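The next block is my_file.json, given as JSON, C-alpha atoms.
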```json
[["chain", "number", "residue", "atom", "x", "y", "z"],
["A", 1, "MET", "CA", 185.85, 100.08, 80.89],
["A", 2, "LYS", "CA", 184.82, 101.93, 77.72],
["A", 3, "THR", "CA", 182.85, 98.90, 76.57],
["A", 4, "ALA", "CA", 180.99, 98.82, 79.88],
["A", 5, "ARG", "CA", 180.07, 102.50, 79.49],
["A", 6, "TRP", "CA", 178.77, 101.84, 75.96],
["A", 7, "ILE", "CA", 176.68, 98.93, 77.21],
["A", 8, "ALA", "CA", 175.30, 101.04, 80.06],
["A", 9, "ALA", "CA", 174.54, 103.90, 77.67],
["A", 10, "GLY", "CA", 172.82, 101.52, 75.25],
["A", 11, "ALA", "CA", 170.75, 100.05, 78.05],
["A", 12, "GLY", "CA", 169.81, 103.56, 79.16],
["A", 13, "LEU", "CA", 168.71, 104.52, 75.65],
["A", 14, "ALA", "CA", 166.72, 101.32, 75.32],
["A", 15, "ALA", "CA", 164.97, 102.05, 78.62],
["A", 16, "VAL", "CA", 164.14, 105.59, 77.51],
["A", 17, "GLY", "CA", 162.84, 104.29, 74.16],
["A", 18, "ALA", "CA", 160.72, 101.67, 75.89],
["A", 19, "ALA", "CA", 159.33, 104.28, 78.29],
["A", 20, "ALA", "CA", 158.44, 106.59, 75.38],
["A", 21, "ALA", "CA", 156.74, 103.76, 73.50],
["A", 22, "TYR", "CA", 154.92, 102.73, 76.68],
["A", 23, "ALA", "CA", 153.59, 106.27, 77.17],
["A", 24, "GLN", "CA", 152.54, 106.50, 73.51],
["A", 25, "TYR", "CA", 150.64, 103.20, 73.59],
["A", 26, "ARG", "CA", 148.94, 104.16, 76.85],
["A", 27, "GLN", "CA", 147.48, 107.19, 75.02],
["A", 28, "THR", "CA", 145.97, 105.18, 72.16],
["A", 29, "GLU", "CA", 142.20, 104.94, 71.87],
["A", 30, "GLN", "CA", 140.63, 101.88, 73.48],
["A", 31, "PRO", "CA", 137.05, 100.63, 73.12],
["A", 32, "ASP", "CA", 134.62, 101.92, 75.72],
["A", 33, "TYR", "CA", 132.82, 99.36, 77.84],
["A", 34, "THR", "CA", 130.57, 99.32, 80.88],
["A", 35, "LEU", "CA", 132.04, 97.54, 83.88],
["A", 36, "VAL", "CA", 129.39, 95.19, 85.25],
["A", 37, "ARG", "CA", 131.48, 93.44, 87.89],
["A", 38, "ALA", "CA", 135.08, 93.50, 89.12],
["A", 39, "ASP", "CA", 136.81, 90.82, 91.18],
["A", 40, "GLU", "CA", 140.58, 91.40, 91.50],
["A", 41, "ASP", "CA", 142.02, 90.60, 88.03],
["A", 42, "PHE", "CA", 138.65, 89.43, 86.67],
["A", 43, "GLU", "CA", 135.97, 91.64, 85.17],
["A", 44, "LEU", "CA", 132.58, 91.33, 83.53],
["A", 45, "ARG", "CA", 132.13, 93.97, 80.81],
["A", 46, "ASP", "CA", 129.48, 95.11, 78.38],
["A", 47, "TYR", "CA", 130.97, 96.19, 75.05],
["A", 48, "PRO", "CA", 129.08, 98.14, 72.39],
["A", 49, "ALA", "CA", 129.16, 97.14, 68.73],
["A", 50, "LEU", "CA", 132.68, 97.71, 67.36],
["A", 51, "VAL", "CA", 133.94, 98.29, 63.82],
["A", 52, "VAL", "CA", 136.96, 96.09, 63.10],
["A", 53, "ALA", "CA", 139.35, 95.20, 60.31],
["A", 54, "GLU", "CA", 140.25, 91.52, 60.37],
["A", 55, "VAL", "CA", 142.48, 89.08, 58.55],
["A", 56, "SER", "CA", 143.17, 85.35, 59.00],
["A", 57, "ASN", "CA", 146.33, 83.29, 58.56],
["A", 58, "ALA", "CA", 147.03, 79.60, 59.04],
["A", 59, "GLY", "CA", 149.85, 78.18, 61.13],
["A", 60, "THR", "CA", 150.98, 78.57, 64.70],
["A", 61, "ARG", "CA", 149.68, 81.51, 66.69],
["A", 62, "GLU", "CA", 153.11, 83.14, 66.64],
["A", 63, "SER", "CA", 153.68, 82.82, 62.88],
["A", 64, "ALA", "CA", 150.14, 83.91, 62.08],
["A", 65, "SER", "CA", 150.48, 86.89, 64.42],
["A", 66, "GLY", "CA", 153.38, 88.42, 62.53],
["A", 67, "ALA", "CA", 151.81, 87.98, 59.11],
["A", 68, "SER", "CA", 148.41, 89.27, 60.23],
["A", 69, "PHE", "CA", 149.79, 92.27, 62.07],
["A", 70, "ARG", "CA", 151.87, 93.37, 59.08],
["A", 71, "ARG", "CA", 148.86, 93.00, 56.77],
["A", 72, "LEU", "CA", 146.51, 95.04, 58.94],
["A", 73, "ALA", "CA", 149.18, 97.66, 59.61],
["A", 74, "ALA", "CA", 149.68, 98.08, 55.85],
["A", 75, "TYR", "CA", 145.96, 98.81, 55.55],
["A", 76, "ILE", "CA", 145.62, 101.34, 58.36],
["A", 77, "PHE", "CA", 148.83, 103.17, 57.39],
["A", 78, "ALA", "CA", 147.71, 103.34, 53.72],
["A", 79, "ASN", "CA", 150.78, 101.43, 52.49],
["A", 80, "ASP", "CA", 148.85, 99.14, 50.13],
["A", 81, "ARG", "CA", 146.01, 101.35, 48.96],
["A", 82, "PRO", "CA", 146.43, 102.28, 45.29],
["A", 83, "GLU", "CA", 144.78, 105.63, 45.91],
["A", 84, "GLY", "CA", 146.77, 106.28, 49.10],
["A", 85, "GLY", "CA", 144.51, 108.28, 51.37],
["A", 86, "GLU", "CA", 144.31, 109.05, 55.04],
["A", 87, "LYS", "CA", 146.07, 106.97, 57.64],
["A", 88, "ILE", "CA", 143.98, 105.36, 60.35],
["A", 89, "ALA", "CA", 145.20, 105.71, 63.91],
["A", 90, "MET", "CA", 146.32, 102.59, 65.73],
["A", 91, "THR", "CA", 144.11, 101.59, 68.63],
["A", 92, "ALA", "CA", 144.45, 99.06, 71.44],
["A", 93, "PRO", "CA", 144.02, 96.21, 71.99],
["A", 94, "VAL", "CA", 144.92, 93.98, 69.05],
["A", 95, "LEU", "CA", 142.54, 91.01, 69.22],
["A", 96, "GLN", "CA", 143.31, 87.44, 68.21],
["A", 97, "ASP", "CA", 141.34, 84.21, 68.27],
["A", 98, "GLU", "CA", 141.27, 80.77, 66.63],
["A", 99, "PRO", "CA", 137.86, 80.24, 64.93],
["A", 100, "ARG", "CA", 139.08, 76.93, 63.49],
["A", 101, "PRO", "CA", 142.03, 74.74, 64.50],
["A", 102, "GLY", "CA", 145.21, 76.21, 63.04],
["A", 103, "GLN", "CA", 143.41, 79.24, 61.57],
["A", 104, "TRP", "CA", 144.17, 82.43, 63.50],
["A", 105, "ARG", "CA", 142.17, 85.63, 63.10],
["A", 106, "MET", "CA", 143.51, 89.04, 64.09],
["A", 107, "ARG", "CA", 141.37, 92.14, 64.49],
["A", 108, "PHE", "CA", 142.23, 95.82, 64.75],
["A", 109, "VAL", "CA", 139.41, 97.84, 66.33],
["A", 110, "MET", "CA", 138.84, 100.94, 64.25],
["A", 111, "PRO", "CA", 138.82, 104.38, 65.91],
["A", 112, "SER", "CA", 135.34, 105.33, 67.12],
["A", 113, "LYS", "CA", 135.01, 108.17, 64.59],
["A", 114, "TYR", "CA", 134.68, 105.61, 61.74],
["A", 115, "THR", "CA", 131.71, 103.61, 60.51],
["A", 116, "LEU", "CA", 131.73, 100.91, 57.85],
["A", 117, "ASP", "CA", 130.63, 103.57, 55.39],
["A", 118, "THR", "CA", 133.41, 106.03, 56.19],
["A", 119, "LEU", "CA", 136.39, 103.65, 56.36],
["A", 120, "PRO", "CA", 138.74, 103.53, 53.36],
["A", 121, "PRO", "CA", 138.13, 100.42, 51.20],
["A", 122, "ALA", "CA", 140.17, 97.41, 52.26],
["A", 123, "PRO", "CA", 142.05, 94.86, 50.08],
["A", 124, "ASP", "CA", 140.21, 91.62, 49.32],
["A", 125, "ASP", "CA", 141.99, 89.64, 52.04],
["A", 126, "ILE", "CA", 140.96, 92.08, 54.80],
["A", 127, "THR", "CA", 137.36, 92.12, 56.04],
["A", 128, "LEU", "CA", 135.73, 95.22, 57.48],
["A", 129, "LYS", "CA", 132.81, 94.39, 59.74],
["A", 130, "GLN", "CA", 130.88, 95.43, 62.80],
["A", 131, "THR", "CA", 130.86, 93.07, 65.76],
["A", 132, "PRO", "CA", 127.65, 92.94, 67.80],
["A", 133, "ALA", "CA", 127.38, 94.36, 71.31],
["A", 134, "ARG", "CA", 128.59, 91.67, 73.70],
["A", 135, "ARG", "CA", 129.01, 90.87, 77.37],
["A", 136, "MET", "CA", 132.56, 89.61, 77.98],
["A", 137, "ALA", "CA", 134.34, 88.04, 80.92],
["A", 138, "ALA", "CA", 137.96, 89.19, 81.09],
["A", 139, "VAL", "CA", 141.13, 88.49, 83.04],
["A", 140, "ARG", "CA", 144.07, 90.89, 82.89],
["A", 141, "PHE", "CA", 147.73, 89.98, 83.28],
["A", 142, "SER", "CA", 151.22, 91.22, 82.42],
["A", 143, "GLY", "CA", 154.12, 89.45, 80.74],
["A", 144, "ASN", "CA", 155.03, 88.33, 77.23],
["A", 145, "ALA", "CA", 151.78, 86.35, 76.75],
["A", 146, "SER", "CA", 153.33, 83.06, 75.69],
["A", 147, "GLY", "CA", 151.06, 80.24, 74.62],
["A", 148, "ARG", "CA", 151.49, 78.72, 78.08],
["A", 149, "ASP", "CA", 150.52, 82.00, 79.77],
["A", 150, "LEU", "CA", 147.42, 82.36, 77.60],
["A", 151, "ALA", "CA", 146.31, 78.79, 78.29],
["A", 152, "LEU", "CA", 146.83, 79.23, 82.03],
["A", 153, "MET", "CA", 144.90, 82.52, 82.14],
["A", 154, "GLU", "CA", 142.09, 81.08, 80.02],
["A", 155, "ALA", "CA", 141.78, 78.20, 82.49],
["A", 156, "ARG", "CA", 141.67, 80.66, 85.40],
["A", 157, "LEU", "CA", 139.02, 82.76, 83.65],
["A", 158, "ARG", "CA", 136.85, 79.71, 82.91],
["A", 159, "GLU", "CA", 137.09, 78.66, 86.57],
["A", 160, "TRP", "CA", 136.04, 82.17, 87.68],
["A", 161, "MET", "CA", 133.13, 82.03, 85.26],
["A", 162, "ARG", "CA", 132.02, 78.65, 86.66],
["A", 163, "GLU", "CA", 132.12, 80.02, 90.19],
["A", 164, "ALA", "CA", 130.16, 83.11, 89.08],
["A", 165, "ARG", "CA", 127.67, 80.92, 87.15],
["A", 166, "LEU", "CA", 128.44, 82.63, 83.86],
["A", 167, "MET", "CA", 127.90, 80.53, 80.74],
["A", 168, "PRO", "CA", 130.39, 80.92, 77.86],
["A", 169, "ALA", "CA", 128.82, 81.97, 74.55],
["A", 170, "GLY", "CA", 131.89, 81.39, 72.38],
["A", 171, "GLU", "CA", 135.60, 80.67, 72.34],
["A", 172, "ALA", "CA", 138.33, 82.65, 74.07],
["A", 173, "GLU", "CA", 139.84, 85.76, 72.50],
["A", 174, "PHE", "CA", 143.23, 87.25, 73.33],
["A", 175, "ALA", "CA", 143.82, 90.99, 73.69],
["A", 176, "PHE", "CA", 147.27, 92.59, 73.46],
["A", 177, "TYR", "CA", 147.61, 96.27, 74.37],
["A", 178, "ASP", "CA", 151.31, 97.02, 73.88],
["A", 179, "ALA", "CA", 154.05, 97.01, 71.27],
["A", 180, "PRO", "CA", 156.68, 94.21, 71.32],
["A", 181, "MET", "CA", 159.39, 96.60, 72.54],
["A", 182, "ILE", "CA", 157.53, 97.16, 75.81],
["A", 183, "PRO", "CA", 159.13, 95.12, 78.63],
["A", 184, "GLY", "CA", 157.01, 92.14, 79.68],
["A", 185, "PRO", "CA", 156.24, 93.40, 83.22],
["A", 186, "LEU", "CA", 154.74, 96.60, 81.74],
["A", 187, "ARG", "CA", 152.58, 94.90, 79.13],
["A", 188, "ARG", "CA", 148.84, 94.56, 79.45],
["A", 189, "ASN", "CA", 147.32, 91.36, 78.11],
["A", 190, "GLU", "CA", 143.85, 89.91, 78.53],
["A", 191, "VAL", "CA", 141.88, 86.77, 77.84],
["A", 192, "LEU", "CA", 138.22, 87.45, 77.04],
["A", 193, "ILE", "CA", 135.32, 85.03, 76.73],
["A", 194, "PRO", "CA", 131.83, 86.02, 75.52],
["A", 195, "VAL", "CA", 129.09, 85.42, 78.09],
["A", 196, "ALA", "CA", 125.63, 84.08, 77.31],
["A", 197, "ALA", "CA", 122.66, 86.30, 78.09],
["A", 198, "ASN", "CA", 120.65, 85.29, 81.14]]
```

Let me see the structure of the file written as structure tokens.
Amino acid sequence: MKTARWIAAGAGLAAVGAAAAYAQYRQTEQPDYTLVRADEDFELRDYPALVVAEVSNAGTRESASGASFRRLAAYIFANDRPEGGEKIAMTAPVLQDEPRPGQWRMRFVMPSKYTLDTLPPAPDDITLKQTPARRMAAVRFSGNASGRDLALMEARLREWMREARLMPAGEAEFAFYDAPMIPGPLRRNEVLIPVAAN
């Protein structure tokens, strides 16, 4: 009986912790965009130029994700800067794509108050850059975003784009908005594909 109460209490604390983390991540800064079209879970968006910090790692998406996230987190939280300095706030989403087979790139979007000139210098393996303004097709979904889920949602997005006569202008990108401790049903994930100009 006592063990059951401990388990119940632990589950309750975990739920409270997850709820607190969920609320915190929902308050993080996200890139502004102009909504061009909405169709249930699908959207067409115009994004402005964004300043990002990016790093690449080889391997599976899962193994590269962990290594890349830790590296970028060390930069924004000033853990690996010899001079220390200000911490950079975490934003959402974390972006990931595969520019070359087996080479996974992760990007943190920098808070809007920064420019390339005002960001703290980054280590040699992290690139600071500005992405161009882009039109993106997006599909939103919840869950743990397994490789199977991402492939399925990418296929759905490409089909929606074909029906809408939207031409892809690049490969798919994955966007993850929440921390790993957030329960799958509460997570926000997206697949995005750049769209060619008319």

Please report as CSV every residue of range 40-93 of chain A lying within 12 Å of range 103-116 of chain A, along with the nearest atom pair and their distance in Å (one decimal), using all atoms listed in the file.
```
residue,atom,partner,partner_atom,distance
A:Pro48,CA,A:Ser112,CA,10.9
A:Ala49,CA,A:Ser112,CA,10.4
A:Leu50,CA,A:Val109,CA,6.8
A:Val51,CA,A:Met110,CA,5.6
A:Val52,CA,A:Val109,CA,4.4
A:Ala53,CA,A:Phe108,CA,5.3
A:Glu54,CA,A:Arg107,CA,4.3
A:Val55,CA,A:Met106,CA,5.6
A:Ser56,CA,A:Arg105,CA,4.2
A:Asn57,CA,A:Trp104,CA,5.5
A:Ala58,CA,A:Gln103,CA,4.4
A:Gly59,CA,A:Gln103,CA,6.5
A:Thr60,CA,A:Trp104,CA,7.9
A:Arg61,CA,A:Trp104,CA,6.4
A:Glu62,CA,A:Trp104,CA,9.5
A:Ser63,CA,A:Trp104,CA,9.5
A:Ala64,CA,A:Trp104,CA,6.3
A:Ser65,CA,A:Met106,CA,7.3
A:Gly66,CA,A:Met106,CA,10.0
A:Ala67,CA,A:Met106,CA,9.7
A:Ser68,CA,A:Met106,CA,6.2
A:Phe69,CA,A:Met106,CA,7.3
A:Arg70,CA,A:Met106,CA,10.7
A:Arg71,CA,A:Met106,CA,9.9
A:Leu72,CA,A:Phe108,CA,7.3
A:Ala73,CA,A:Phe108,CA,8.8
A:Ala74,CA,A:Phe108,CA,11.8
A:Tyr75,CA,A:Phe108,CA,10.4
A:Ile76,CA,A:Met110,CA,9.0
A:Lys87,CA,A:Pro111,CA,11.3
A:Ile88,CA,A:Pro111,CA,7.6
A:Ala89,CA,A:Pro111,CA,6.8
A:Met90,CA,A:Pro111,CA,7.7
A:Thr91,CA,A:Val109,CA,6.4
A:Ala92,CA,A:Val109,CA,7.3
A:Pro93,CA,A:Phe108,CA,7.5
```

Exercise. Which residue out of A:Leu44, A:Ala78, A:Val139, A:Ile182 has the minimum interatomic distance to Leu152 in chain A when only C-alpha atoms are used?
Worked result: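 Among the listed residues, A:Val139 lies closest to Leu152 in chain A.
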
Problem set entry | Distance of CA of Arg188 in chain A from CA of Phe141 in chain A, expressed in Å to one decimal place | 6.1 Å

For this session: Rank A:Ala175, A:Ala169, A:Ala151, A:Met136 by their smallest atom-to-atom distance to Gln30 in chain A, using all atoms listed in the file, and report the top residue only.
Result: A:Ala175

Problem set entry | Residue among A:Arg100, A:Leu95, A:Asp125, A:Glu83 lying closest to Phe174 in chain A, counting all atoms listed in the file | A:Leu95

For this session: Kindly give the distance, in Å, that separates CA of Gln130 in chain A and CA of Asn144 in chain A, rounded to a single decimal.
Result: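 Taking CA of Gln130 in chain A and CA of Asn144 in chain A, their separation equals 29.0 Å.
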
For this session: To one decimal in Å, tell me the separation between CA of Gly170 in chain A and CA of Tyr47 in chain A.
Result: 15.1 Å

Exercise. From the list A:Arg148, A:Glu86, A:Gln96, A:Ser142, which residue is nearest Thr118 in chain A when using only C-alpha atoms?
Worked result: A:Glu86

Exercise. Of the candidates A:Leu119, A:Ala145, A:Ala137, A:Asp97, which one gets nearest to Leu157 in chain A if we count all atoms listed in the file?
Worked result: A:Ala137

Seminar exercise, completed: Residue with the minimum atom-to-atom distance to Ala179 in chain A, picked from A:Gly85, A:Ile193, A:Val94, A:Arg158 with all atoms listed in the file counted, is A:Val94

Calculate, to one decimal in Å, the centre and edge lengths of the box along x, y and z of the file that holds all listed atoms of range 31-45 of chain A with 3 Å of margin on each side, and present them as JSON.
```
{"center_x": 135.7, "center_y": 95.7, "center_z": 82.3, "size_x": 18.6, "size_y": 18.5, "size_z": 24.4}
```
